[in-house]
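Data file: work22.txt. Format and content: compact mmCIF, C-alpha atoms and all ligand atoms.
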# COMPACT_ATOMS: atom_id res chain seq x y z
CA MET H 1 6.92 -12.48 -19.84
CA GLU H 2 8.43 -9.20 -18.78
CA LEU H 3 9.78 -8.91 -22.30
CA ASN H 4 6.28 -9.22 -23.76
CA ARG H 5 4.99 -6.19 -21.94
CA ARG H 6 8.02 -4.07 -22.62
CA THR H 7 8.11 -5.13 -26.24
CA LEU H 8 4.44 -4.21 -26.59
CA ILE H 9 4.96 -0.75 -25.10
CA ALA H 10 8.17 -0.12 -27.06
CA GLY H 11 6.54 -1.44 -30.24
CA THR H 12 3.54 0.85 -30.05
CA ALA H 13 5.75 3.82 -29.26
CA ALA H 14 8.03 3.02 -32.22
CA ALA H 15 5.02 2.74 -34.51
CA GLY H 16 4.08 6.25 -33.47
CA ILE H 17 0.98 5.05 -31.65
CA ALA H 18 0.38 6.32 -28.16
CA ALA H 19 0.49 3.09 -26.13
CA THR H 20 -2.28 4.48 -23.98
CA THR H 21 -4.87 4.48 -26.75
CA LEU H 22 -4.91 0.69 -26.30
CA GLY H 23 -7.10 1.08 -23.25
CA GLY H 24 -9.48 3.67 -24.63
CA THR H 25 -9.04 6.89 -22.65
CA ALA H 26 -6.80 9.42 -24.36
CA GLN H 27 -3.80 10.42 -22.27
CA ALA H 28 -0.22 11.51 -22.80
CA ALA H 29 2.12 8.89 -24.31
CA PRO H 30 4.35 7.09 -21.80
CA GLY H 31 6.95 9.34 -20.27
CA SER H 32 6.02 12.18 -22.58
CA GLY H 33 4.63 14.59 -20.09
CA ARG H 34 4.59 16.06 -16.66
CA PRO H 35 1.93 14.94 -14.21
CA VAL H 36 -1.37 16.75 -14.75
CA LYS H 37 -3.36 18.27 -11.88
CA GLU H 38 -7.14 18.79 -11.73
CA LEU H 39 -9.60 19.73 -9.00
CA PHE H 40 -11.19 16.55 -7.57
CA GLY H 41 -13.42 18.01 -4.87
CA LYS H 42 -13.48 19.87 -1.58
CA LEU H 43 -13.44 18.84 2.07
CA ALA H 44 -16.20 20.13 4.37
CA ASP H 45 -13.89 22.96 5.54
CA GLY H 46 -13.37 24.11 1.93
CA THR H 47 -9.90 22.57 1.46
CA LYS H 48 -9.45 21.83 -2.23
CA ILE H 49 -8.47 18.27 -3.09
CA TYR H 50 -6.59 17.73 -6.34
CA ARG H 51 -6.18 14.67 -8.48
CA TRP H 52 -2.84 14.15 -10.23
CA SER H 53 -2.60 11.93 -13.31
CA LEU H 54 0.68 10.52 -14.51
CA GLU H 55 1.79 7.85 -16.85
CA ASN H 56 5.02 6.14 -17.85
CA GLY H 57 6.15 2.83 -19.33
CA GLY H 58 2.57 1.61 -19.72
CA THR H 59 1.41 2.31 -16.14
CA ARG H 60 -1.20 4.98 -15.39
CA LEU H 61 -1.61 6.40 -11.92
CA LYS H 62 -4.15 8.80 -10.41
CA VAL H 63 -3.29 10.22 -7.00
CA LEU H 64 -5.33 12.42 -4.66
CA SER H 65 -3.90 15.15 -2.46
CA TYR H 66 -6.19 13.70 0.26
CA GLY H 67 -4.17 10.96 2.01
CA GLY H 68 -1.84 10.57 -0.99
CA ILE H 69 -4.50 8.13 -2.14
CA VAL H 70 -3.93 6.07 -5.27
CA GLN H 71 -7.41 6.47 -6.72
CA SER H 72 -6.64 4.41 -9.80
CA LEU H 73 -3.72 2.35 -11.07
CA GLU H 74 -4.15 1.01 -14.58
CA ILE H 75 -1.98 -1.65 -16.19
CA PRO H 76 -2.45 -3.78 -19.33
CA ASP H 77 -3.22 -7.49 -19.45
CA ARG H 78 -1.44 -9.93 -21.77
CA HIS H 79 -3.47 -8.53 -24.72
CA GLY H 80 -2.71 -4.90 -23.86
CA ARG H 81 -6.13 -4.27 -22.28
CA TYR H 82 -5.99 -1.80 -19.42
CA LYS H 83 -7.86 -2.18 -16.14
CA ASN H 84 -7.78 -0.26 -12.89
CA VAL H 85 -6.33 -2.85 -10.48
CA SER H 86 -6.79 -0.95 -7.21
CA LEU H 87 -9.99 -0.48 -5.21
CA GLY H 88 -11.25 3.03 -4.61
CA PHE H 89 -14.13 5.47 -4.91
CA ALA H 90 -15.36 7.95 -7.51
CA THR H 91 -15.80 10.92 -5.13
CA ILE H 92 -14.00 12.69 -2.30
CA GLU H 93 -17.19 12.43 -0.22
CA ASP H 94 -16.97 8.62 -0.28
CA TYR H 95 -13.28 8.70 0.69
CA VAL H 96 -14.01 11.00 3.64
CA ALA H 97 -17.11 9.15 4.83
CA LYS H 98 -16.25 5.48 4.58
CA THR H 99 -12.93 4.43 3.17
CA PRO H 100 -11.17 1.40 4.68
CA TYR H 101 -7.86 3.08 3.75
CA PHE H 102 -8.31 2.44 -0.01
CA GLY H 103 -5.02 3.30 -1.76
CA ALA H 104 -3.87 5.60 1.06
CA LEU H 105 -0.57 6.52 2.63
CA ILE H 106 -0.52 5.24 6.21
CA GLY H 107 1.18 7.05 9.08
CA ARG H 108 2.52 7.69 11.53
CA TYR H 109 2.35 3.96 12.22
CA GLY H 110 1.19 1.26 9.82
CA ASN H 111 -0.94 -1.38 11.56
CA ARG H 112 -1.60 -1.71 15.30
CA ILE H 113 -0.03 -0.46 18.50
CA ALA H 114 -1.48 -2.36 21.48
CA LYS H 115 -3.82 -0.22 23.58
CA GLY H 116 -2.35 2.77 21.73
CA ARG H 117 0.42 2.92 24.34
CA PHE H 118 4.18 2.82 24.32
CA ASP H 119 7.14 3.99 26.40
CA LEU H 120 10.12 5.77 24.91
CA ASP H 121 13.12 7.16 26.82
CA GLY H 122 11.27 6.74 30.11
CA LYS H 123 8.12 8.59 29.00
CA SER H 124 4.73 6.99 28.38
CA TYR H 125 2.63 8.00 25.41
CA GLN H 126 -1.08 7.44 24.84
CA LEU H 127 -2.12 7.45 21.18
CA SER H 128 -5.52 7.87 19.58
CA VAL H 129 -7.35 4.54 19.88
CA ASN H 130 -9.57 3.65 16.91
CA ASP H 131 -9.70 -0.16 16.63
CA GLY H 132 -11.29 -1.53 19.79
CA VAL H 133 -8.72 -0.82 22.49
CA ASN H 134 -5.87 -0.50 19.98
CA SER H 135 -4.48 2.20 17.69
CA LEU H 136 -4.63 1.30 13.98
CA HIS H 137 -2.87 3.02 11.07
CA GLY H 138 -1.94 6.18 13.00
CA GLY H 139 -5.18 6.66 14.96
CA ALA H 140 -8.55 8.27 14.27
CA LYS H 141 -7.13 10.82 11.84
CA GLY H 142 -3.96 9.38 10.38
CA PHE H 143 -1.96 10.45 7.32
CA ASP H 144 -4.61 8.81 5.11
CA LYS H 145 -7.13 11.50 6.14
CA ARG H 146 -4.87 14.56 5.76
CA PRO H 147 -4.36 16.89 2.81
CA TRP H 148 -0.83 16.52 1.41
CA ASP H 149 1.07 19.13 -0.63
CA ILE H 150 2.01 17.64 -3.97
CA GLU H 151 4.52 18.69 -6.64
CA GLY H 152 4.79 16.93 -9.99
CA PHE H 153 8.19 16.27 -11.56
CA THR H 154 9.99 14.68 -14.45
CA SER H 155 13.58 13.54 -14.03
CA GLY H 156 15.43 11.81 -16.87
CA SER H 157 13.02 9.11 -17.99
CA ASP H 158 11.09 9.15 -14.68
CA VAL H 159 7.77 10.86 -14.02
CA GLY H 160 6.56 11.37 -10.48
CA LEU H 161 5.11 13.22 -7.54
CA HIS H 162 6.60 14.54 -4.32
CA LEU H 163 4.08 14.48 -1.48
CA TYR H 164 4.63 16.45 1.73
CA TYR H 165 2.88 16.36 5.07
CA THR H 166 3.97 17.80 8.42
CA SER H 167 2.45 16.13 11.46
CA VAL H 168 2.59 18.45 14.47
CA ASP H 169 4.00 17.48 17.87
CA GLY H 170 1.34 15.54 19.77
CA GLU H 171 -0.86 14.79 16.75
CA MET H 172 -2.80 11.57 17.47
CA GLY H 173 -0.66 11.37 20.65
CA TYR H 174 2.70 10.91 18.88
CA PRO H 175 5.68 12.91 20.14
CA GLY H 176 7.66 15.27 17.90
CA THR H 177 6.90 17.27 14.79
CA LEU H 178 7.32 14.74 11.99
CA LYS H 179 8.06 16.03 8.51
CA ALA H 180 7.16 13.36 5.97
CA LYS H 181 8.08 13.35 2.30
CA VAL H 182 6.89 10.57 0.03
CA THR H 183 7.92 10.26 -3.61
CA TYR H 184 5.83 8.29 -6.09
CA THR H 185 7.87 7.55 -9.24
CA LEU H 186 6.77 5.86 -12.45
CA THR H 187 9.85 4.59 -14.28
CA ARG H 188 10.20 4.14 -18.02
CA HIS H 189 9.53 0.42 -17.43
CA GLY H 190 6.22 1.28 -15.77
CA ASP H 191 7.43 0.40 -12.25
CA TRP H 192 5.73 2.31 -9.44
CA ARG H 193 8.32 3.15 -6.79
CA ILE H 194 7.56 4.67 -3.39
CA ASP H 195 10.31 6.38 -1.39
CA TYR H 196 9.40 7.47 2.13
CA GLU H 197 11.44 9.92 4.19
CA ALA H 198 10.77 11.52 7.57
CA THR H 199 12.54 13.60 10.17
CA THR H 200 11.53 14.54 13.71
CA ASP H 201 12.44 17.11 16.36
CA LYS H 202 11.80 14.72 19.29
CA ALA H 203 12.33 10.98 19.66
CA THR H 204 9.29 9.20 18.21
CA VAL H 205 8.19 6.06 16.39
CA VAL H 206 7.39 5.87 12.69
CA ASN H 207 6.30 3.14 10.27
CA LEU H 208 4.93 4.43 6.96
CA THR H 209 3.26 2.27 4.32
CA SER H 210 0.85 2.25 1.39
CA HIS H 211 -2.58 0.65 1.57
CA VAL H 212 -3.44 -0.23 -2.03
CA TYR H 213 -6.10 -2.94 -2.35
CA TRP H 214 -5.01 -5.05 -5.33
CA ASN H 215 -7.24 -6.98 -7.69
CA LEU H 216 -5.18 -7.71 -10.79
CA ALA H 217 -8.28 -8.78 -12.74
CA GLY H 218 -9.66 -5.27 -12.21
CA GLU H 219 -11.42 -3.56 -9.29
CA GLY H 220 -14.98 -4.76 -8.87
CA SER H 221 -14.40 -7.94 -10.92
CA GLY H 222 -14.87 -10.43 -8.06
CA SER H 223 -12.66 -12.26 -5.59
CA ILE H 224 -8.87 -12.56 -5.53
CA TYR H 225 -8.88 -16.14 -4.21
CA ASP H 226 -7.63 -17.38 -7.62
CA HIS H 227 -4.68 -14.97 -7.60
CA GLU H 228 -1.36 -16.80 -7.19
CA LEU H 229 0.99 -15.52 -4.53
CA LYS H 230 4.53 -16.22 -3.43
CA ILE H 231 6.17 -14.61 -0.39
CA ALA H 232 9.85 -15.06 0.48
CA ALA H 233 9.31 -15.56 4.20
CA ALA H 234 9.80 -18.63 6.40
CA ARG H 235 8.24 -16.94 9.43
CA TYR H 236 5.28 -14.75 10.30
CA THR H 237 4.05 -12.99 13.43
CA PRO H 238 1.01 -14.79 14.93
CA VAL H 239 -1.53 -12.53 16.63
CA ASP H 240 -3.97 -12.53 19.54
CA SER H 241 -7.71 -12.03 19.13
CA GLY H 242 -7.17 -8.24 18.81
CA LEU H 243 -4.70 -8.83 15.92
CA ILE H 244 -1.72 -7.79 18.06
CA PRO H 245 1.42 -9.93 17.48
CA THR H 246 2.16 -12.27 20.37
CA GLY H 247 5.90 -11.60 19.89
CA GLU H 248 6.60 -15.05 18.48
CA LEU H 249 8.24 -15.38 15.05
CA ALA H 250 6.49 -18.60 14.08
CA LYS H 251 7.47 -20.89 11.21
CA VAL H 252 5.08 -20.88 8.25
CA ALA H 253 5.97 -24.50 7.44
CA GLY H 254 2.92 -26.75 7.73
CA THR H 255 0.49 -23.80 8.15
CA PRO H 256 -1.83 -21.91 5.77
CA PHE H 257 0.74 -19.08 5.96
CA ASP H 258 3.29 -20.95 3.86
CA PHE H 259 3.56 -19.03 0.58
CA ARG H 260 7.20 -19.98 -0.04
CA ARG H 261 6.00 -21.93 -3.06
CA THR H 262 3.41 -20.24 -5.27
CA LYS H 263 -0.15 -21.09 -4.32
CA THR H 264 -3.51 -19.40 -4.74
CA VAL H 265 -4.70 -17.00 -2.05
CA GLY H 266 -7.78 -19.18 -1.57
CA GLU H 267 -6.05 -22.55 -1.31
CA ASP H 268 -5.89 -22.75 2.50
CA ILE H 269 -7.95 -19.72 3.52
CA ARG H 270 -10.85 -21.84 4.82
CA GLU H 271 -8.67 -24.14 6.93
CA ALA H 272 -9.93 -24.33 10.54
CA ASN H 273 -6.92 -22.49 11.90
CA GLN H 274 -7.09 -20.26 15.01
CA GLN H 275 -5.00 -17.53 13.33
CA LEU H 276 -7.38 -17.42 10.34
CA LEU H 277 -10.32 -17.22 12.76
CA TYR H 278 -8.75 -14.23 14.53
CA GLY H 279 -8.18 -12.40 11.23
CA LYS H 280 -11.43 -13.54 9.55
CA GLY H 281 -8.94 -14.67 6.90
CA ILE H 282 -5.37 -13.59 6.38
CA ASP H 283 -4.38 -10.41 8.21
CA HIS H 284 -0.81 -11.08 9.25
CA ASN H 285 2.71 -9.79 9.05
CA TRP H 286 5.29 -11.92 7.24
CA VAL H 287 8.89 -11.78 8.51
CA LEU H 288 10.72 -11.36 5.22
CA ASP H 289 13.73 -13.69 4.88
CA LYS H 290 15.95 -10.90 3.55
CA GLY H 291 15.47 -8.64 6.61
CA ILE H 292 16.11 -4.89 6.33
CA THR H 293 18.06 -4.04 3.17
CA ALA H 294 19.70 -0.84 1.94
CA LYS H 295 18.12 -1.30 -1.49
CA PRO H 296 14.69 -2.74 -2.32
CA ALA H 297 14.94 -6.54 -2.64
CA HIS H 298 12.28 -8.79 -4.18
CA VAL H 299 9.91 -10.30 -1.59
CA ALA H 300 6.58 -11.18 -3.21
CA THR H 301 4.93 -11.99 -6.54
CA LEU H 302 1.19 -11.80 -7.15
CA ARG H 303 -0.35 -13.02 -10.43
CA ASP H 304 -3.84 -13.17 -11.83
CA PRO H 305 -3.83 -16.20 -14.15
CA SER H 306 -6.90 -15.02 -16.10
CA SER H 307 -5.39 -11.73 -17.30
CA GLY H 308 -1.72 -12.59 -16.85
CA ARG H 309 -1.24 -9.36 -14.88
CA THR H 310 1.63 -9.82 -12.47
CA LEU H 311 2.85 -7.62 -9.61
CA ARG H 312 6.31 -8.02 -8.13
CA ILE H 313 7.16 -6.24 -4.90
CA ALA H 314 10.65 -5.30 -3.79
CA THR H 315 11.28 -3.45 -0.54
CA THR H 316 13.86 -2.28 1.98
CA GLU H 317 11.44 -3.19 4.81
CA PRO H 318 11.66 -6.32 7.01
CA GLY H 319 7.90 -7.07 7.04
CA LEU H 320 4.93 -7.51 4.76
CA GLN H 321 1.33 -7.28 5.99
CA PHE H 322 -0.84 -9.50 3.81
CA TYR H 323 -4.50 -8.62 4.37
CA SER H 324 -7.02 -10.59 2.31
CA GLY H 325 -9.77 -7.94 2.30
CA ASN H 326 -11.65 -9.71 5.10
CA PHE H 327 -13.62 -6.72 6.32
CA LEU H 328 -15.04 -5.77 2.90
CA ASP H 329 -18.67 -6.63 3.52
CA GLY H 330 -20.72 -5.62 0.51
CA THR H 331 -21.45 -2.09 1.75
CA LEU H 332 -19.09 -0.10 -0.51
CA VAL H 333 -19.41 0.67 -4.24
CA GLY H 334 -16.28 1.25 -6.33
CA PRO H 335 -15.74 3.77 -9.15
CA GLY H 336 -16.74 1.16 -11.76
CA GLY H 337 -20.17 0.82 -10.10
CA HIS H 338 -19.60 -2.59 -8.49
CA ILE H 339 -20.08 -3.61 -4.86
CA TYR H 340 -17.00 -4.78 -2.97
CA ARG H 341 -17.40 -8.02 -1.00
CA GLN H 342 -15.11 -10.02 1.29
CA GLY H 343 -11.97 -11.14 -0.56
CA ASP H 344 -12.48 -8.82 -3.54
CA ALA H 345 -8.95 -7.45 -3.09
CA LEU H 346 -5.82 -7.93 -1.02
CA CYS H 347 -3.24 -5.61 0.48
CA LEU H 348 0.51 -6.25 0.60
CA GLU H 349 1.83 -3.56 2.92
CA THR H 350 5.61 -3.30 3.27
CA GLN H 351 6.43 -2.24 6.81
CA HIS H 352 8.13 -2.82 10.14
CA PHE H 353 6.22 -5.28 12.30
CA PRO H 354 2.96 -4.28 14.04
CA ASN H 355 3.28 -3.17 17.67
CA SER H 356 7.09 -2.91 17.43
CA PRO H 357 7.18 -0.06 20.01
CA ASN H 358 6.05 -2.66 22.60
CA GLN H 359 8.18 -5.56 21.34
CA PRO H 360 11.87 -4.84 22.04
CA ALA H 361 12.93 -7.95 20.05
CA PHE H 362 11.31 -6.64 16.83
CA PRO H 363 13.35 -4.34 14.54
CA SER H 364 13.15 -0.84 16.01
CA THR H 365 10.78 1.83 14.69
CA VAL H 366 12.31 4.62 16.80
CA LEU H 367 13.36 7.79 14.98
CA ARG H 368 15.47 10.42 16.73
CA PRO H 369 16.27 14.05 15.93
CA GLY H 370 19.10 14.26 13.39
CA GLU H 371 18.20 10.90 11.81
CA THR H 372 16.24 10.43 8.59
CA TYR H 373 13.69 7.64 8.31
CA ARG H 374 13.97 6.02 4.87
CA SER H 375 11.96 3.24 3.31
CA SER H 376 11.50 2.24 -0.33
CA THR H 377 9.20 -0.15 -2.14
CA VAL H 378 9.05 -0.91 -5.86
CA HIS H 379 5.99 -2.39 -7.59
CA SER H 380 6.82 -3.91 -10.99
CA PHE H 381 4.13 -4.96 -13.44
CA ASP H 382 4.09 -7.45 -16.22
CA ALA H 383 1.58 -9.55 -18.16
C1 LIG H 401 -5.06 -4.32 8.69
C2 LIG H 401 -6.46 -4.84 8.88
C3 LIG H 401 -7.41 -3.70 8.76
C4 LIG H 401 -7.23 -3.06 7.42
C5 LIG H 401 -8.10 -1.85 7.30
C6 LIG H 401 -4.97 -3.72 7.34
O1 LIG H 401 -3.69 -3.20 7.15
O2 LIG H 401 -4.12 -5.34 8.85
O3 LIG H 401 -6.61 -5.47 10.11
O4 LIG H 401 -8.74 -4.10 8.93
O5 LIG H 401 -5.90 -2.66 7.25
O6 LIG H 401 -8.64 -1.74 6.08
What do you get writing this file as structure tokens?
Ligand code: BGC
Amino acid sequence: MELNRRTLIAGTAAAGIAATTLGGTAQAAPGSGRPVKELFGKLADGTKIYRWSLENGGTRLKVLSYGGIVQSLEIPDRHGRYKNVSLGFATIEDYVAKTPYFGALIGRYGNRIAKGRFDLDGKSYQLSVNDGVNSLHGGAKGFDKRPWDIEGFTSGSDVGLHLYYTSVDGEMGYPGTLKAKVTYTLTRHGDWRIDYEATTDKATVVNLTSHVYWNLAGEGSGSIYDHELKIAAARYTPVDSGLIPTGELAKVAGTPFDFRRTKTVGEDIREANQQLLYGKGIDHNWVLDKGITAKPAHVATLRDPSSGRTLRIATTEPGLQFYSGNFLDGTLVGPGGHIYRQGDALCLETQHFPNSPNQPAFPSTVLRPGETYRSSTVHSFDA
């Protein structure tokens, strides 16, 4: 299958046809150009927000300097027809006013920290609390709501963006000035790779991730319950009613959380299971069998049978948050003019486990001065 897509792209390029004309909108041929920057809008304080467009190997990406947001990610189906497969908005005003983290970079800490509190080196820290009594995705104004500095680059056959954000000491309650650099790369095969790096000047905790909402049939096309999913994980972290892990690494065997063999997202999602009641669906962290790896290793495959579009995820991280879009409630309208309802997309967030700063048995999220936080995730596409 992989061969089909690559053959199609290579074939059109060889025939002198820009592969991108297949989908309609005229853009640079794969790998042929540097990322292009345009003004997207302004924040209330006048800060200009830019949109960067890049393309390589048959994948088209649009990224905002607000939150490093992936506003659009287009890939072809088995007939070469492009669709934007990530939920988003058409305007900066919508992103500022009401986004549930559509496409954004998440920091300093992906997912929840219980009561927004943790102790480190004998000191207690109180974070911004924005999800009931807990801190979610970095607090009230996380990395998803900050302007990032972006530079476009080409390197060999790669095309990409470097994104920079410096979070000052004490921001959202976190200790230390954290300098974050995220690199989005589109490879000549159309893979989208994310490399995260961060350094600090005081001991702190960090857990960066990306919050793309996937619908491989196209954003606004309906539910993802027919998507097929496989996750290489024999355990997951059950949660309490506030979606904080209990600390147990429970077996998926015999539960709706068993995705070791491919099944549809919807197959067991209506089972009367206490964990599914807590999450209003799936909103859990999978303990990836491979653990932490130096290089990204394959952990999950998502496929839309109707279009053939397939996403494979490889990561260095030990965890994967699978969120089945439970809180989409028919109140948001996407860039294609369609309303988003519950289950219209899913997130697969590579990460360390939620609430690790309060769970000594979980892999550590502590970063100290002199160390560099590194995390990489590769999204490969096929049809
Ligand atoms: C969390 C959900 C949360 C969502 C916000 C996910 O990463 O696990 O609980 O509602 O982000 O859109």
Next item on the list: Give me the residues within 8 Å of H:Pro296 as a list in words, counting all atoms listed in the file and dropping any in the same chain fewer than 2 places off.
Entry: Thr293, Ala294, His298, Ala314, Thr315, Thr316, Glu317, Ser376, Thr377 and Val378 of chain H
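Across the structure, atom CA of H:Trp214 and atom CA of H:Ala345 are spaced 5.1 Å apart.
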Notebook entry, point to check: Using all atoms listed in the file, what are the residues with an atom within 7 Å of ligand LIG 401 (chain H), set out as number ranges by chain?
Noted result: H: 100-101, 111, 211, 243, 283-284, 321, 323, 327, 349
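One distance worth recording is that between atom CA of H:His162 and atom CA of H:Leu320, which is 23.9 Å.
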Checklist line | For stretch 48-61 of chain H: contacts at 7 Å, only C-alpha atoms, fewer than 5 positions along chain excluded, given as a list in words | finding: Ile9, Ala19, Pro30, Gly31, Pro35, Val36, Lys37, Glu38, Leu39, Phe40, Gly41, Lys42, Leu43, Tyr66, Ser72, Leu73, Glu74, Ile75, Val159, Leu186, Thr187, Arg188, His189 and Gly190 of chain H
Same residues, C-alpha atoms, output as a CSV table (one decimal), in the coordinates of the input:
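And here's out.csv as it stands now:
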chain,number,residue,atom,x,y,z
H,9,ILE,CA,5.0,-0.8,-25.1
H,19,ALA,CA,0.5,3.1,-26.1
H,30,PRO,CA,4.4,7.1,-21.8
H,31,GLY,CA,7.0,9.3,-20.3
H,35,PRO,CA,1.9,14.9,-14.2
H,36,VAL,CA,-1.4,16.8,-14.8
H,37,LYS,CA,-3.4,18.3,-11.9
H,38,GLU,CA,-7.1,18.8,-11.7
H,39,LEU,CA,-9.6,19.7,-9.0
H,40,PHE,CA,-11.2,16.6,-7.6
H,41,GLY,CA,-13.4,18.0,-4.9
H,42,LYS,CA,-13.5,19.9,-1.6
H,43,LEU,CA,-13.4,18.8,2.1
H,66,TYR,CA,-6.2,13.7,0.3
H,72,SER,CA,-6.6,4.4,-9.8
H,73,LEU,CA,-3.7,2.4,-11.1
H,74,GLU,CA,-4.2,1.0,-14.6
H,75,ILE,CA,-2.0,-1.6,-16.2
H,159,VAL,CA,7.8,10.9,-14.0
H,186,LEU,CA,6.8,5.9,-12.4
H,187,THR,CA,9.8,4.6,-14.3
H,188,ARG,CA,10.2,4.1,-18.0
H,189,HIS,CA,9.5,0.4,-17.4
H,190,GLY,CA,6.2,1.3,-15.8
Next item on the list: Give as JSON, numbers by chain the set of residues within 8 Å of the point (-8.1, -1.5, 21.3), where distances use the file's coordinates and all atoms listed in the file.
Entry: {"H": [114, 115, 116, 129, 130, 131, 132, 133, 134, 135, 242]}
Next item on the list: Go through H:Pro245, H:Gly103, H:Gly68, H:Gly88 and flag the residue nearest H:Asp149, using only C-alpha atoms for the distances.
Entry: H:Gly68
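Between atom CA of H:Phe143 and atom CA of H:Gln126 there is a distance of 17.8 Å.
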Next item on the list: Show me as a PyMOL selection string the residues that reach within 7 Å of (0.0, 9.0, 15.8), counting all atoms listed in the file and using the file's own coordinates.
Entry: chain H and resi 108-109+127-128+138-139+142+171-174
Note to self: Give me, as a list in words, all polymer residues having an atom no more than 9 Å from stretch 358-368 of chain H, counting all atoms listed in the file and skipping those fewer than 4 positions away in the same chain.
What the structure shows: Ile113, Ala114, Arg117, Phe118, Asp119, Leu120, Ala198, Thr199, Thr200, Asp201, Lys202, Ala203, Thr204, Val205, Val206, Asn207, Pro245, Gly247, Ile292, Pro318, His352, Phe353, Thr372 and Tyr373 of chain H
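With only C-alpha atoms as the atoms that count, the residue of H:His379, H:Ser65, H:Val265, H:Leu328 with the shortest distance to H:Trp148 is H:Ser65.
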